[in-house]
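Asker: Provided herewith: model_14.cif, mmCIF, C-alpha atoms and all ligand atoms.
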data_work
loop_
_atom_site.label_atom_id
_atom_site.label_comp_id
_atom_site.auth_asym_id
_atom_site.auth_seq_id
_atom_site.Cartn_x
_atom_site.Cartn_y
_atom_site.Cartn_z
CA MET A 11 -45.39 58.68 -30.51
CA ASP A 12 -47.63 56.37 -32.46
CA ALA A 13 -47.98 53.48 -30.00
CA LYS A 14 -49.02 51.00 -32.63
CA THR A 15 -46.07 51.82 -34.83
CA ALA A 16 -43.70 51.62 -31.88
CA SER A 17 -45.01 48.25 -30.75
CA GLU A 18 -44.71 46.95 -34.28
CA MET A 19 -41.04 47.82 -34.18
CA GLN A 20 -40.40 45.81 -31.01
CA PRO A 21 -39.06 42.28 -31.51
CA ARG A 22 -41.46 39.44 -30.84
CA LEU A 23 -41.52 38.37 -27.21
CA GLY A 24 -39.57 35.23 -26.59
CA GLY A 25 -36.20 34.09 -25.25
CA PRO A 26 -34.25 37.07 -23.93
CA CYS A 27 -37.36 39.29 -24.09
CA ARG A 28 -39.03 37.27 -21.35
CA GLN A 29 -36.06 37.90 -19.07
CA LEU A 30 -36.04 41.56 -20.06
CA ALA A 31 -39.70 41.85 -19.07
CA LEU A 32 -38.70 41.03 -15.49
CA ILE A 33 -36.02 43.72 -15.30
CA GLU A 34 -36.80 47.03 -13.65
CA ASP A 35 -37.02 50.03 -15.94
CA VAL A 36 -34.23 52.47 -15.45
CA ASN A 37 -34.91 55.44 -13.18
CA ILE A 38 -32.88 58.15 -14.86
CA ASP A 39 -32.66 60.35 -11.77
CA ALA A 40 -31.43 57.40 -9.72
CA LEU A 41 -28.94 56.43 -12.42
CA VAL A 42 -27.59 59.94 -12.99
CA PRO A 43 -28.84 62.34 -10.31
CA PRO A 44 -29.59 65.89 -11.51
CA GLY A 45 -26.46 68.02 -11.77
CA ARG A 46 -24.07 65.07 -12.06
CA ARG A 47 -21.82 64.60 -15.07
CA ALA A 48 -22.13 61.35 -17.01
CA VAL A 49 -18.86 59.97 -18.39
CA ILE A 50 -19.00 57.26 -21.06
CA LEU A 51 -15.93 55.06 -21.48
CA ALA A 52 -15.86 53.52 -24.96
CA ALA A 53 -13.19 50.88 -25.51
CA HIS A 54 -13.64 51.21 -29.30
CA PRO A 55 -15.18 53.90 -31.50
CA GLY A 56 -18.90 53.32 -31.86
CA ASP A 57 -19.28 51.30 -28.64
CA GLU A 58 -20.94 54.30 -27.02
CA VAL A 59 -23.68 54.43 -29.66
CA LEU A 60 -24.50 50.73 -29.45
CA ALA A 61 -24.29 50.51 -25.65
CA CYS A 62 -26.02 53.73 -24.68
CA GLY A 63 -27.01 55.85 -27.69
CA GLY A 64 -30.53 56.06 -26.27
CA LEU A 65 -29.36 56.96 -22.77
CA LEU A 66 -27.12 59.69 -24.19
CA GLN A 67 -30.12 61.24 -25.92
CA LEU A 68 -32.16 61.13 -22.72
CA LEU A 69 -29.38 62.65 -20.60
CA SER A 70 -28.81 65.34 -23.21
CA HIS A 71 -32.48 66.33 -23.11
CA ARG A 72 -32.24 66.58 -19.33
CA GLY A 73 -29.30 68.96 -19.57
CA HIS A 74 -26.60 66.75 -18.09
CA ALA A 75 -22.96 67.48 -18.85
CA LEU A 76 -21.67 64.56 -20.90
CA GLN A 77 -18.11 63.37 -21.37
CA LEU A 78 -17.10 60.67 -23.84
CA ILE A 79 -13.70 59.08 -23.34
CA SER A 80 -12.78 57.05 -26.41
CA ILE A 81 -10.05 54.73 -25.14
CA THR A 82 -8.75 53.47 -28.51
CA ASP A 83 -9.14 54.54 -32.12
CA GLY A 84 -10.33 51.10 -33.17
CA GLN A 85 -8.92 47.74 -33.93
CA ALA A 86 -8.55 47.65 -37.68
CA ALA A 87 -5.18 48.42 -39.19
CA PRO A 88 -4.94 51.50 -41.36
CA SER A 89 -5.19 50.81 -45.06
CA ARG A 90 -2.19 51.20 -47.35
CA GLN A 91 -3.68 54.49 -48.52
CA SER A 92 -3.88 56.02 -45.05
CA SER A 93 -1.26 56.72 -42.40
CA PRO A 94 -1.95 55.83 -38.74
CA GLU A 95 -2.57 59.55 -38.15
CA GLY A 96 -5.00 59.69 -41.08
CA HIS A 97 -6.76 56.61 -39.75
CA SER A 98 -7.14 58.25 -36.32
CA VAL A 99 -8.52 61.43 -37.84
CA ALA A 100 -11.00 59.42 -39.92
CA CYS A 101 -12.16 57.55 -36.82
CA ALA A 102 -12.53 60.76 -34.82
CA MET A 103 -14.59 62.33 -37.61
CA GLU A 104 -16.74 59.22 -37.85
CA SER A 105 -17.36 59.25 -34.11
CA THR A 106 -18.26 62.95 -34.22
CA ASP A 107 -20.69 62.33 -37.06
CA SER A 108 -22.44 59.49 -35.27
CA LEU A 109 -22.85 61.62 -32.12
CA ARG A 110 -24.26 64.44 -34.24
CA ARG A 111 -26.73 61.96 -35.72
CA LEU A 112 -27.90 61.12 -32.20
CA GLY A 113 -28.97 64.77 -32.00
CA ILE A 114 -26.59 65.61 -29.16
CA PRO A 115 -25.05 69.10 -29.34
CA LEU A 116 -21.29 68.68 -29.48
CA VAL A 117 -20.87 71.57 -27.05
CA GLN A 118 -22.70 69.42 -24.51
CA LEU A 119 -20.77 66.22 -25.13
CA LYS A 120 -17.03 66.67 -24.79
CA THR A 121 -14.79 63.99 -26.25
CA ILE A 122 -11.33 62.86 -25.17
CA ARG A 123 -9.36 60.28 -27.12
CA GLY A 124 -7.02 58.04 -25.16
CA ARG A 125 -5.19 56.62 -28.21
CA PHE A 126 -4.49 53.36 -26.40
CA GLN A 127 -3.70 50.33 -28.55
CA ALA A 128 -6.86 48.38 -29.30
CA GLY A 129 -6.71 44.65 -28.72
CA ASP A 130 -4.12 45.07 -25.98
CA ILE A 131 -5.74 47.20 -23.26
CA GLU A 132 -5.21 44.49 -20.64
CA ASN A 133 -1.47 45.09 -20.97
CA GLN A 134 -1.87 48.85 -20.57
CA GLU A 135 -4.04 48.92 -17.45
CA ASN A 136 -1.59 50.93 -15.31
CA ALA A 137 -1.27 53.61 -17.99
CA LEU A 138 -5.04 53.62 -18.45
CA LEU A 139 -5.53 54.03 -14.70
CA ASP A 140 -3.24 57.08 -14.68
CA PHE A 141 -5.01 58.49 -17.73
CA LEU A 142 -8.52 58.06 -16.31
CA MET A 143 -7.52 59.41 -12.89
CA ARG A 144 -6.60 62.65 -14.67
CA HIS A 145 -9.97 62.94 -16.36
CA LEU A 146 -12.52 61.58 -13.88
CA ARG A 147 -13.98 63.47 -10.92
CA PRO A 148 -15.46 62.24 -7.64
CA ASN A 149 -18.94 63.46 -8.58
CA ASP A 150 -19.05 61.63 -11.93
CA VAL A 151 -21.29 58.75 -12.89
CA VAL A 152 -18.97 56.61 -15.02
CA PHE A 153 -20.49 54.26 -17.62
CA SER A 154 -17.97 51.57 -18.52
CA PRO A 155 -18.02 48.24 -20.35
CA TRP A 156 -19.01 45.33 -18.11
CA ARG A 157 -16.03 43.63 -16.40
CA SER A 158 -17.25 40.19 -17.59
CA ASP A 159 -18.34 41.23 -21.07
CA GLY A 160 -16.42 38.53 -22.92
CA SER A 161 -14.14 40.97 -24.78
CA ALA A 162 -10.64 41.40 -23.33
CA ASP A 163 -10.61 45.13 -24.16
CA HIS A 164 -14.06 45.74 -22.67
CA GLU A 165 -13.23 43.79 -19.53
CA ALA A 166 -9.94 45.66 -19.05
CA VAL A 167 -11.66 49.04 -19.35
CA GLY A 168 -14.34 47.86 -16.92
CA ARG A 169 -11.73 46.75 -14.38
CA VAL A 170 -9.76 49.99 -14.59
CA ALA A 171 -12.97 52.00 -14.36
CA GLN A 172 -13.83 50.16 -11.17
CA SER A 173 -10.44 50.93 -9.65
CA CYS A 174 -10.74 54.61 -10.57
CA THR A 175 -14.26 55.03 -9.28
CA VAL A 176 -13.36 53.33 -6.00
CA LEU A 177 -10.28 55.56 -5.59
CA LEU A 178 -12.26 58.71 -6.40
CA GLY A 179 -15.51 57.81 -4.69
CA ALA A 180 -17.31 58.16 -8.03
CA GLN A 181 -20.13 55.89 -9.19
CA GLN A 182 -19.68 53.17 -11.81
CA VAL A 183 -22.43 51.76 -14.02
CA GLU A 184 -21.49 48.83 -16.25
CA MET A 185 -22.80 48.17 -19.75
CA PRO A 186 -22.84 44.75 -21.45
CA LEU A 187 -22.03 44.79 -25.17
CA ASN A 188 -20.57 41.50 -26.32
CA ALA A 189 -22.44 39.71 -23.54
CA TRP A 190 -25.65 40.18 -25.50
CA ARG A 191 -24.24 37.87 -28.14
CA GLY A 192 -22.23 35.31 -26.25
CA THR A 193 -24.53 34.31 -23.41
CA SER A 194 -28.00 32.92 -22.91
CA VAL A 195 -30.54 34.44 -20.57
CA ASP A 196 -30.00 31.52 -18.20
CA ASP A 197 -26.27 32.19 -17.97
CA PRO A 198 -25.51 32.48 -14.23
CA ARG A 199 -22.73 34.97 -14.98
CA ILE A 200 -25.27 37.64 -15.96
CA PRO A 201 -26.11 39.67 -12.82
CA TRP A 202 -29.78 40.19 -13.67
CA TRP A 203 -30.47 41.51 -10.15
CA ARG A 204 -28.19 44.48 -10.93
CA ALA A 205 -29.75 45.05 -14.33
CA ARG A 206 -31.89 48.03 -15.27
CA LYS A 207 -33.31 48.48 -18.73
CA LEU A 208 -34.06 51.47 -20.87
CA ALA A 209 -36.64 50.87 -23.61
CA LEU A 210 -36.09 53.24 -26.53
CA ASP A 211 -39.04 55.12 -27.96
CA ILE A 212 -39.45 55.35 -31.71
CA THR A 213 -37.58 58.66 -31.99
CA ALA A 214 -34.60 57.51 -29.90
CA LEU A 215 -34.49 54.24 -31.82
CA ALA A 216 -34.56 56.02 -35.19
CA ARG A 217 -31.71 58.32 -34.15
CA LYS A 218 -29.68 55.39 -32.83
CA ARG A 219 -30.09 53.48 -36.10
CA HIS A 220 -29.17 56.64 -38.00
CA ALA A 221 -26.02 57.03 -35.89
CA MET A 222 -25.03 53.37 -36.32
CA ASN A 223 -25.44 53.65 -40.08
CA SER A 224 -22.88 56.44 -40.17
CA GLN A 225 -20.13 54.21 -38.84
CA ALA A 226 -17.79 52.78 -41.44
CA SER A 227 -16.55 49.40 -40.26
CA HIS A 228 -12.85 50.25 -40.57
CA CYS A 229 -12.88 52.16 -37.29
CA LEU A 230 -14.80 49.58 -35.31
CA ALA A 231 -13.68 46.53 -33.44
CA PRO A 232 -14.60 43.33 -35.27
CA LYS A 233 -18.27 42.42 -34.80
CA THR A 234 -19.02 45.55 -32.80
CA VAL A 235 -21.69 46.42 -35.34
CA ASP A 236 -22.95 43.77 -37.72
CA ARG A 237 -25.47 45.02 -40.23
CA ASN A 238 -26.96 41.53 -40.42
CA THR A 239 -28.41 41.85 -36.97
CA ASN A 240 -29.67 38.72 -35.31
CA GLU A 241 -32.32 38.57 -32.61
CA ARG A 242 -29.95 39.49 -29.81
CA GLU A 243 -28.59 42.45 -31.72
CA GLN A 244 -32.14 43.58 -32.44
CA LEU A 245 -32.75 43.49 -28.69
CA GLN A 246 -29.68 45.60 -28.17
CA LEU A 247 -31.19 48.23 -30.42
CA HIS A 248 -34.54 48.31 -28.67
CA TRP A 249 -33.31 48.13 -25.10
CA GLU A 250 -30.22 49.34 -23.36
CA LEU A 251 -29.11 47.40 -20.32
CA PHE A 252 -27.15 48.73 -17.36
CA PHE A 253 -25.69 46.93 -14.35
CA VAL A 254 -25.91 49.25 -11.35
ZN ZN B 301 -15.85 47.49 -28.25
#
In structure tokens, how does this file's structure come out?
Ligand SMILES: [Zn+2]
Answerer:
Amino acid sequence: MDAKTASEMQPRLGGPCRQLALIEDVNIDALVPPGRRAVILAAHPGDEVLACGGLLQLLSHRGHALQLISITDGQAAPSRQSSPEGHSVACAMESTDSLRRLGIPLVQLKTIRGRFQAGDIENQENALLDFLMRHLRPNDVVFSPWRSDGSADHEAVGRVAQSCTVLLGAQQVEMPLNAWRGTSVDDPRIPWWRARKLALDITALARKRHAMNSQASHCLAPKTVDRNTNEREQLQLHWELFFV
């Protein structure tokens, strides 16, 4: 990697970056021990790329089995030209394309779609618990949205993931998504002591941008990906944050 080029791509230090500088770098083997399967729970299509597209690349290179569980097919209503089934197929294809753009072999990353109703997961938590209990294993490391992320869907998935991992004896790692936008670094709700950060190198960053560009907005929850990225969204591209 060209260090100068990479450093030029990093946002200027200030605000959230100062807090990030204090956070421990992620130790991949501690986060996902060798031989363990990593399961990513995405409340909405595309969440997995924004939250952990860099981590997925790293785990793929290290040969981990990867499982993506896409809980809903997105929040937008199908257009008049497409049926709900057509909309679901389009979202699944879009998700597959963005994972391909991350450079992850699809034979390595299995995908399951939950087809839960987006925007209403908090009212489907019992059904989601049953569904996840069928697909998770005690040895999994389960990456879920953070339980205090500020999005009702994300928080519901995080809560159910916690219940499942406790019941199974699996390990849960939480990922903030909306929290990057809605909170300041001084917000006492952010558990910085649990935070670990993954800084993306130039190759991982390029692939993540490439994957995000493949996502048509009709399959994504509102504001999940905003092309007019502000400072906090730029940070989200350069670093991935995990609460362990
Ligand atoms: Zn989402």
Asker: Residues at most 12 Å from ligand ZN 301 (chain B), using all atoms listed in the file? Could they come as an MDAnalysis selection string?
Answerer: chainID A and resid 51:61 80:86 128:129 131 154:156 159:168 185:189 229:235
Asker: Let me have the centre and edge lengths of the axis-aligned box enclosing all listed atoms of region 128-141 of chain A with 8 Å padding on every side, in Å to one decimal, as JSON.
Answerer:
{"center_x": -4.1, "center_y": 51.5, "center_z": -22.0, "size_x": 21.6, "size_y": 30.0, "size_z": 30.6}
Asker: Using CA of His74 (chain A) and CA of Arg147 (chain A) as the two end points, give the distance in Å to one decimal.
Answerer: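 Rounded to one decimal, the two atoms are 14.9 Å apart.
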Asker: I need the residue nearest Val176 (chain A) from this list: A:Ile79, A:Leu139, A:Ser158, A:Leu32. Use all atoms listed in the file for the distance.
Answerer: A:Leu139
Asker: Given the point (-7.9, 57.0, -9.5) in the file's coordinates, find the residues that have an atom at most 7 Å from it, counting all atoms listed in the file, and give them as JSON, numbers by chain.
Answerer: {"A": [139, 140, 142, 143, 173, 174, 175, 177, 178]}
Asker: If you count only C-alpha atoms, which residues fall within 7 Å of Gln77 (chain A), apart from same-chain ones fewer than 2 positions away, as a list in words?
Answerer: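 Neighbouring residues, sequence-local ones excluded: Ala48, Val49, Ile50, Ala75, Ile79, Leu119, Lys120 and Thr121 of chain A.
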Asker: Filtering to C-alpha atoms, could you give me those residues as a PDB file, in the frame of the given file?
Answerer:
ATOM      1  CA  ALA A  48     -22.130  61.350 -17.010  1.00  0.00           C
ATOM      2  CA  VAL A  49     -18.860  59.970 -18.390  1.00  0.00           C
ATOM      3  CA  ILE A  50     -19.000  57.260 -21.060  1.00  0.00           C
ATOM      4  CA  ALA A  75     -22.960  67.480 -18.850  1.00  0.00           C
ATOM      5  CA  ILE A  79     -13.700  59.080 -23.340  1.00  0.00           C
ATOM      6  CA  LEU A 119     -20.770  66.220 -25.130  1.00  0.00           C
ATOM      7  CA  LYS A 120     -17.030  66.670 -24.790  1.00  0.00           C
ATOM      8  CA  THR A 121     -14.790  63.990 -26.250  1.00  0.00           C
TER       9      THR A 121
END
Asker: Of the candidates A:Val170, A:Arg157, A:Asp39, A:Glu34, which one gets nearest to Phe141 (chain A) if we count only C-alpha atoms?
Answerer: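 Residue with the minimum atom-to-atom distance to Phe141 (chain A): A:Val170.
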Asker: Find the spatial neighbours of region 208-223 of chain A, counting only C-alpha atoms, within a cut-off of 6 Å - ignore same-chain residues fewer than 6 positions away - and output them as a PyMOL selection string.
Answerer: chain A and resi 16+35-36+63-64+108+111-112+248-250
Asker: Give me, please, the distance in Å between CA of Leu66 (chain A) and CA of Asp107 (chain A), quoted to one decimal.
Answerer: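 Computed distance, CA of Leu66 (chain A) to CA of Asp107 (chain A), equals 14.6 Å.
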Asker: So, counting all atoms listed in the file, which residue among A:Gln182, A:Gln67, A:Ser224, A:Asn149 is closest to Pro44 (chain A)?
Answerer: A:Asn149
Asker: Could you jot down the CA of Gln118 (chain A) to CA of Leu76 (chain A) separation for me, Å, one decimal place?
Answerer: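 Distance reported for this atom pair: 6.1 Å.
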Asker: Using all atoms listed in the file, can you tell me which of A:Leu69, A:Ile33, A:Ile114, A:Ala171 comes closest to Arg46 (chain A)?
Answerer: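 Between A:Leu69, A:Ile33, A:Ile114, A:Ala171, the residue approaching Arg46 (chain A) most closely is A:Leu69.
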